[in-house]
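The file query00.csv contains CSV, N, CA and C atoms:
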```
chain,number,residue,atom,x,y,z
H,264,MET,N,201.8,-21.5,68.0
H,264,MET,CA,201.1,-20.3,67.8
H,264,MET,C,201.3,-19.7,66.4
H,265,MET,N,202.3,-20.1,65.7
H,265,MET,CA,202.6,-19.5,64.4
H,265,MET,C,201.5,-19.8,63.4
H,266,PHE,N,200.7,-20.8,63.7
H,266,PHE,CA,199.6,-21.2,62.8
H,266,PHE,C,198.6,-20.1,62.6
H,267,TRP,N,198.4,-19.2,63.5
H,267,TRP,CA,197.4,-18.2,63.4
H,267,TRP,C,197.9,-17.0,62.6
H,268,TYR,N,199.2,-16.9,62.3
H,268,TYR,CA,199.7,-15.8,61.6
H,268,TYR,C,200.1,-16.1,60.2
H,269,ASP,N,200.2,-15.1,59.4
H,269,ASP,CA,200.8,-15.2,58.0
H,269,ASP,C,199.9,-16.1,57.1
H,270,HIS,N,198.6,-15.9,57.1
H,270,HIS,CA,197.7,-16.6,56.2
H,270,HIS,C,196.9,-15.6,55.4
H,271,ASP,N,197.5,-14.4,55.1
H,271,ASP,CA,196.9,-13.4,54.3
H,271,ASP,C,197.0,-13.8,52.9
H,272,VAL,N,196.0,-13.4,52.1
H,272,VAL,CA,196.0,-13.6,50.7
H,272,VAL,C,196.5,-12.3,50.1
H,273,SER,N,197.5,-12.4,49.3
H,273,SER,CA,198.0,-11.2,48.7
H,273,SER,C,197.1,-10.7,47.5
H,274,GLY,N,197.5,-9.6,46.9
H,274,GLY,CA,196.7,-9.0,45.8
H,274,GLY,C,196.5,-10.0,44.6
H,275,TRP,N,197.6,-10.7,44.3
H,275,TRP,CA,197.6,-11.7,43.2
H,275,TRP,C,196.6,-12.9,43.6
H,276,GLY,N,196.6,-13.2,44.8
H,276,GLY,CA,195.7,-14.3,45.3
H,276,GLY,C,194.3,-13.9,45.1
H,277,TRP,N,193.9,-12.7,45.5
H,277,TRP,CA,192.6,-12.2,45.3
H,277,TRP,C,192.2,-12.1,43.8
H,278,PHE,N,193.1,-11.7,43.0
H,278,PHE,CA,192.9,-11.6,41.6
H,278,PHE,C,192.7,-13.0,41.0
H,279,ALA,N,193.5,-14.0,41.4
H,279,ALA,CA,193.4,-15.4,40.9
H,279,ALA,C,192.1,-16.0,41.3
H,280,MET,N,191.7,-15.7,42.6
H,280,MET,CA,190.5,-16.3,43.1
H,280,MET,C,189.3,-15.6,42.4
H,281,SER,N,189.3,-14.4,42.2
H,281,SER,CA,188.2,-13.7,41.4
H,281,SER,C,188.1,-14.2,40.0
H,282,ALA,N,189.2,-14.3,39.3
H,282,ALA,CA,189.2,-14.8,37.9
H,282,ALA,C,188.7,-16.2,37.9
H,283,GLY,N,189.1,-17.0,38.8
H,283,GLY,CA,188.7,-18.4,38.9
H,283,GLY,C,187.2,-18.5,39.1
H,284,MET,N,186.6,-17.6,40.0
H,284,MET,CA,185.2,-17.7,40.2
H,284,MET,C,184.4,-17.2,39.0
H,285,ILE,N,184.9,-16.2,38.3
H,285,ILE,CA,184.2,-15.7,37.1
H,285,ILE,C,184.3,-16.8,36.0
H,286,LEU,N,185.4,-17.5,35.8
H,286,LEU,CA,185.5,-18.6,34.8
H,286,LEU,C,184.6,-19.7,35.2
H,287,PHE,N,184.5,-20.0,36.5
H,287,PHE,CA,183.6,-21.1,37.0
H,287,PHE,C,182.2,-20.8,36.6
H,288,TRP,N,181.7,-19.6,36.9
H,288,TRP,CA,180.3,-19.3,36.7
H,288,TRP,C,180.0,-19.2,35.2
H,289,ALA,N,181.0,-18.7,34.4
H,289,ALA,CA,180.9,-18.6,33.0
H,289,ALA,C,180.7,-20.0,32.4
H,290,LEU,N,181.5,-21.0,32.9
H,290,LEU,CA,181.4,-22.3,32.4
H,290,LEU,C,180.0,-22.9,32.8
H,291,ILE,N,179.6,-22.7,34.0
H,291,ILE,CA,178.3,-23.2,34.4
H,291,ILE,C,177.2,-22.7,33.6
H,292,ILE,N,177.2,-21.3,33.3
H,292,ILE,CA,176.1,-20.7,32.5
H,292,ILE,C,176.2,-21.2,31.1
H,293,THR,N,177.4,-21.4,30.5
H,293,THR,CA,177.5,-21.9,29.2
H,293,THR,C,176.9,-23.3,29.0
H,294,VAL,N,177.2,-24.1,30.0
H,294,VAL,CA,176.7,-25.5,30.0
H,294,VAL,C,175.2,-25.5,30.0
H,295,VAL,N,174.6,-24.6,30.9
H,295,VAL,CA,173.2,-24.6,31.0
H,295,VAL,C,172.5,-24.1,29.7
H,296,VAL,N,173.1,-23.0,29.1
H,296,VAL,CA,172.5,-22.5,27.9
H,296,VAL,C,172.6,-23.5,26.8
H,297,LEU,N,173.7,-24.2,26.6
H,297,LEU,CA,173.8,-25.2,25.6
H,297,LEU,C,172.9,-26.4,25.8
H,298,LEU,N,172.7,-26.7,27.0
H,298,LEU,CA,171.8,-27.8,27.4
H,298,LEU,C,170.3,-27.4,27.0
H,299,VAL,N,169.9,-26.2,27.4
H,299,VAL,CA,168.6,-25.7,27.1
H,299,VAL,C,168.4,-25.7,25.6
H,300,ARG,N,169.4,-25.2,24.8
H,300,ARG,CA,169.2,-25.1,23.4
H,300,ARG,C,169.1,-26.5,22.8
H,301,ALA,N,169.9,-27.4,23.3
H,301,ALA,CA,169.9,-28.8,22.7
H,301,ALA,C,168.5,-29.4,23.0
H,302,LEU,N,168.0,-29.2,24.1
H,302,LEU,CA,166.7,-29.8,24.5
H,302,LEU,C,165.5,-29.2,23.8
H,303,ASN,N,165.6,-27.9,23.4
H,303,ASN,CA,164.5,-27.2,22.8
H,303,ASN,C,164.6,-27.2,21.3
H,304,SER,N,165.7,-27.6,20.7
H,304,SER,CA,165.8,-27.5,19.3
H,304,SER,C,164.9,-28.6,18.6
H,305,PRO,N,164.3,-28.3,17.5
H,305,PRO,CA,163.4,-29.3,16.8
H,305,PRO,C,164.3,-30.3,16.2
H,306,HIS,N,164.0,-31.6,16.4
H,306,HIS,CA,164.8,-32.7,15.8
H,306,HIS,C,164.2,-33.0,14.4
H,307,GLU,N,165.1,-32.8,13.4
H,307,GLU,CA,164.7,-33.1,12.0
H,307,GLU,C,164.9,-34.5,11.7
H,308,PRO,N,164.0,-35.2,11.1
H,308,PRO,CA,164.2,-36.6,10.8
H,308,PRO,C,165.2,-36.7,9.7
H,309,THR,N,165.9,-37.8,9.7
H,309,THR,CA,167.0,-38.0,8.7
H,309,THR,C,166.3,-38.3,7.4
H,310,HIS,N,166.8,-37.7,6.4
H,310,HIS,CA,166.2,-37.8,5.0
H,310,HIS,C,166.9,-38.9,4.3
H,311,THR,N,166.1,-39.9,3.8
H,311,THR,CA,166.7,-40.9,3.0
H,311,THR,C,166.8,-40.4,1.5
H,312,PRO,N,167.8,-40.7,0.8
H,312,PRO,CA,167.9,-40.3,-0.6
H,312,PRO,C,166.8,-40.9,-1.4
H,313,VAL,N,166.2,-40.1,-2.3
H,313,VAL,CA,165.1,-40.6,-3.1
H,313,VAL,C,165.7,-41.4,-4.3
H,314,ALA,N,165.1,-42.6,-4.5
H,314,ALA,CA,165.6,-43.4,-5.6
H,314,ALA,C,165.2,-42.7,-6.9
H,315,PRO,N,166.1,-42.8,-7.9
H,315,PRO,CA,165.8,-42.2,-9.2
H,315,PRO,C,164.6,-42.8,-9.9
H,316,THR,N,163.8,-42.1,-10.6
H,316,THR,CA,162.6,-42.6,-11.3
H,316,THR,C,163.1,-43.2,-12.6
H,317,PRO,N,162.3,-44.0,-13.2
H,317,PRO,CA,162.7,-44.6,-14.5
H,317,PRO,C,163.0,-43.5,-15.5
H,318,GLU,N,162.3,-42.4,-15.5
H,318,GLU,CA,162.5,-41.3,-16.4
H,318,GLU,C,163.9,-40.7,-16.2
H,319,ASP,N,164.3,-40.6,-14.9
H,319,ASP,CA,165.6,-40.1,-14.6
H,319,ASP,C,166.7,-41.0,-15.1
H,320,ILE,N,166.5,-42.3,-15.0
H,320,ILE,CA,167.5,-43.3,-15.4
H,320,ILE,C,167.6,-43.2,-17.0
H,321,LEU,N,166.5,-43.1,-17.6
H,321,LEU,CA,166.5,-43.0,-19.1
H,321,LEU,C,167.3,-41.7,-19.5
H,322,ARG,N,167.0,-40.6,-18.8
H,322,ARG,CA,167.7,-39.3,-19.1
H,322,ARG,C,169.2,-39.4,-18.9
H,323,GLU,N,169.6,-40.1,-17.9
H,323,GLU,CA,171.0,-40.3,-17.6
H,323,GLU,C,171.7,-41.1,-18.7
H,324,ARG,N,171.0,-42.2,-19.1
H,324,ARG,CA,171.5,-43.1,-20.1
H,324,ARG,C,171.7,-42.3,-21.5
H,325,LEU,N,170.7,-41.5,-21.8
H,325,LEU,CA,170.8,-40.7,-23.0
H,325,LEU,C,171.9,-39.7,-22.9
H,326,ALA,N,172.1,-39.1,-21.7
H,326,ALA,CA,173.2,-38.1,-21.5
H,326,ALA,C,174.5,-38.8,-21.6
H,327,ARG,N,174.7,-40.0,-21.1
H,327,ARG,CA,175.9,-40.7,-21.2
H,327,ARG,C,176.2,-41.3,-22.6
H,328,GLY,N,175.2,-41.3,-23.5
H,328,GLY,CA,175.4,-41.8,-24.8
H,328,GLY,C,175.1,-43.3,-24.9
H,329,GLU,N,174.6,-43.9,-23.9
H,329,GLU,CA,174.3,-45.4,-23.9
H,329,GLU,C,173.2,-45.7,-24.9
H,330,ILE,N,172.2,-44.8,-25.0
H,330,ILE,CA,171.1,-45.0,-25.9
H,330,ILE,C,171.0,-43.7,-26.8
H,331,ASN,N,170.4,-43.8,-28.0
H,331,ASN,CA,170.2,-42.7,-28.8
H,331,ASN,C,168.8,-42.1,-28.5
H,332,GLU,N,168.5,-41.0,-29.2
H,332,GLU,CA,167.3,-40.2,-28.9
H,332,GLU,C,166.0,-41.1,-29.3
H,333,GLU,N,166.1,-41.8,-30.4
H,333,GLU,CA,165.0,-42.6,-30.8
H,333,GLU,C,164.7,-43.7,-29.8
H,334,GLU,N,165.7,-44.4,-29.3
H,334,GLU,CA,165.5,-45.4,-28.2
H,334,GLU,C,165.0,-44.7,-26.9
H,335,TYR,N,165.5,-43.5,-26.6
H,335,TYR,CA,165.0,-42.8,-25.4
H,335,TYR,C,163.5,-42.6,-25.6
H,336,ARG,N,163.0,-42.0,-26.7
H,336,ARG,CA,161.6,-41.7,-26.9
H,336,ARG,C,160.8,-43.0,-26.9
H,337,ARG,N,161.3,-44.0,-27.5
H,337,ARG,CA,160.5,-45.3,-27.5
H,337,ARG,C,160.3,-45.8,-26.1
H,338,ARG,N,161.4,-45.9,-25.4
H,338,ARG,CA,161.3,-46.4,-24.0
H,338,ARG,C,160.5,-45.5,-23.1
H,339,LEU,N,160.6,-44.2,-23.3
H,339,LEU,CA,159.8,-43.2,-22.5
H,339,LEU,C,158.3,-43.4,-22.8
H,340,ASN,N,157.9,-43.6,-24.1
H,340,ASN,CA,156.5,-43.8,-24.4
H,340,ASN,C,156.0,-45.2,-23.8
H,341,ALA,N,156.9,-46.2,-23.8
H,341,ALA,CA,156.5,-47.4,-23.2
H,341,ALA,C,156.3,-47.3,-21.7
H,342,LEU,N,157.1,-46.5,-21.1
H,342,LEU,CA,156.9,-46.2,-19.6
H,342,LEU,C,155.6,-45.5,-19.4
H,343,HIS,N,155.3,-44.6,-20.2
H,343,HIS,CA,154.1,-43.8,-20.0
H,343,HIS,C,152.8,-44.6,-20.3
H,344,ALA,N,152.9,-45.5,-21.3
H,344,ALA,CA,151.8,-46.3,-21.7
H,344,ALA,C,151.4,-47.3,-20.6
H,345,GLY,N,152.3,-47.8,-19.8
H,345,GLY,CA,152.0,-48.7,-18.7
H,345,GLY,C,152.0,-50.1,-19.2
H,346,PRO,N,151.7,-51.0,-18.3
H,346,PRO,CA,151.8,-52.5,-18.6
H,346,PRO,C,150.7,-53.0,-19.5
H,347,ALA,N,149.6,-52.3,-19.6
H,347,ALA,CA,148.5,-52.7,-20.4
H,347,ALA,C,148.8,-52.6,-21.9
H,348,ALA,N,149.6,-51.7,-22.3
H,348,ALA,CA,150.0,-51.5,-23.7
H,348,ALA,C,151.0,-52.6,-24.2
H,349,LYS,N,151.6,-53.3,-23.3
H,349,LYS,CA,152.6,-54.3,-23.7
H,349,LYS,C,152.0,-55.6,-24.2
H,350,THR,N,150.7,-55.9,-23.8
H,350,THR,CA,150.1,-57.2,-24.2
H,350,THR,C,149.5,-57.1,-25.6
```
This structure in structure tokens:
Amino acid sequence: MMFWYDHDVSGWGWFAMSAGMILFWALIITVVVLLVRALNSPHEPTHTPVAPTPEDILRERLARGEINEEEYRRRLNALHAGPAAKT
């Protein structure tokens, strides 16, 4: 008969149970909010880096000192003239 007695939850038990329930629901609500945000966010495509243009490469070579200004202008004019001017 002692099984029926002395199963009261003390004040600390109620506090722990209440705090646990609040934390449980806070966790559930946080997971739902994060899931909804993740599903509704627009997915941006991955951007591939753009290859440098021939003019960019010439500019870099001039800046590094590999070619002088005369060579830069000559090659730039050749690029702008196109393949028909080479024949």
Write out as a VMD selection string the residues lying within 6.5 Å of range 332-336 of chain H, counting only N, CA and C atoms and excluding same-chain residues fewer than 4 positions away. chain H and resid 321 340 to 341
Could you take the residues named above and write them with N, CA and C atoms, as a compact mmCIF listing (two decimals), in the frame of the given file?
```txt
# COMPACT_ATOMS: atom_id res chain seq x y z
N LEU H 321 166.50 -43.10 -17.60
CA LEU H 321 166.50 -43.00 -19.10
C LEU H 321 167.30 -41.70 -19.50
N ASN H 340 157.90 -43.60 -24.10
CA ASN H 340 156.50 -43.80 -24.40
C ASN H 340 156.00 -45.20 -23.80
N ALA H 341 156.90 -46.20 -23.80
CA ALA H 341 156.50 -47.40 -23.20
C ALA H 341 156.30 -47.30 -21.70
```
What gap, in Å, lies between CA of Ala326 in chain H and CA of Ala344 in chain H? 22.9 Å
For the helix (DSSP H, G or I) assignment from backbone DSSP, which residues of chain H qualify? Please present them as a PyMOL selection string. chain H and resi 265-267+274-303+317-327+332-344+346-349
One decimal, in Å: what's the spacing between atom N of Ile330 in chain H and atom N of Pro346 in chain H? 22.4 Å
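Interatomic distance, CA of Ile320 in chain H against CA of Arg337 in chain H: 14.1 Å.
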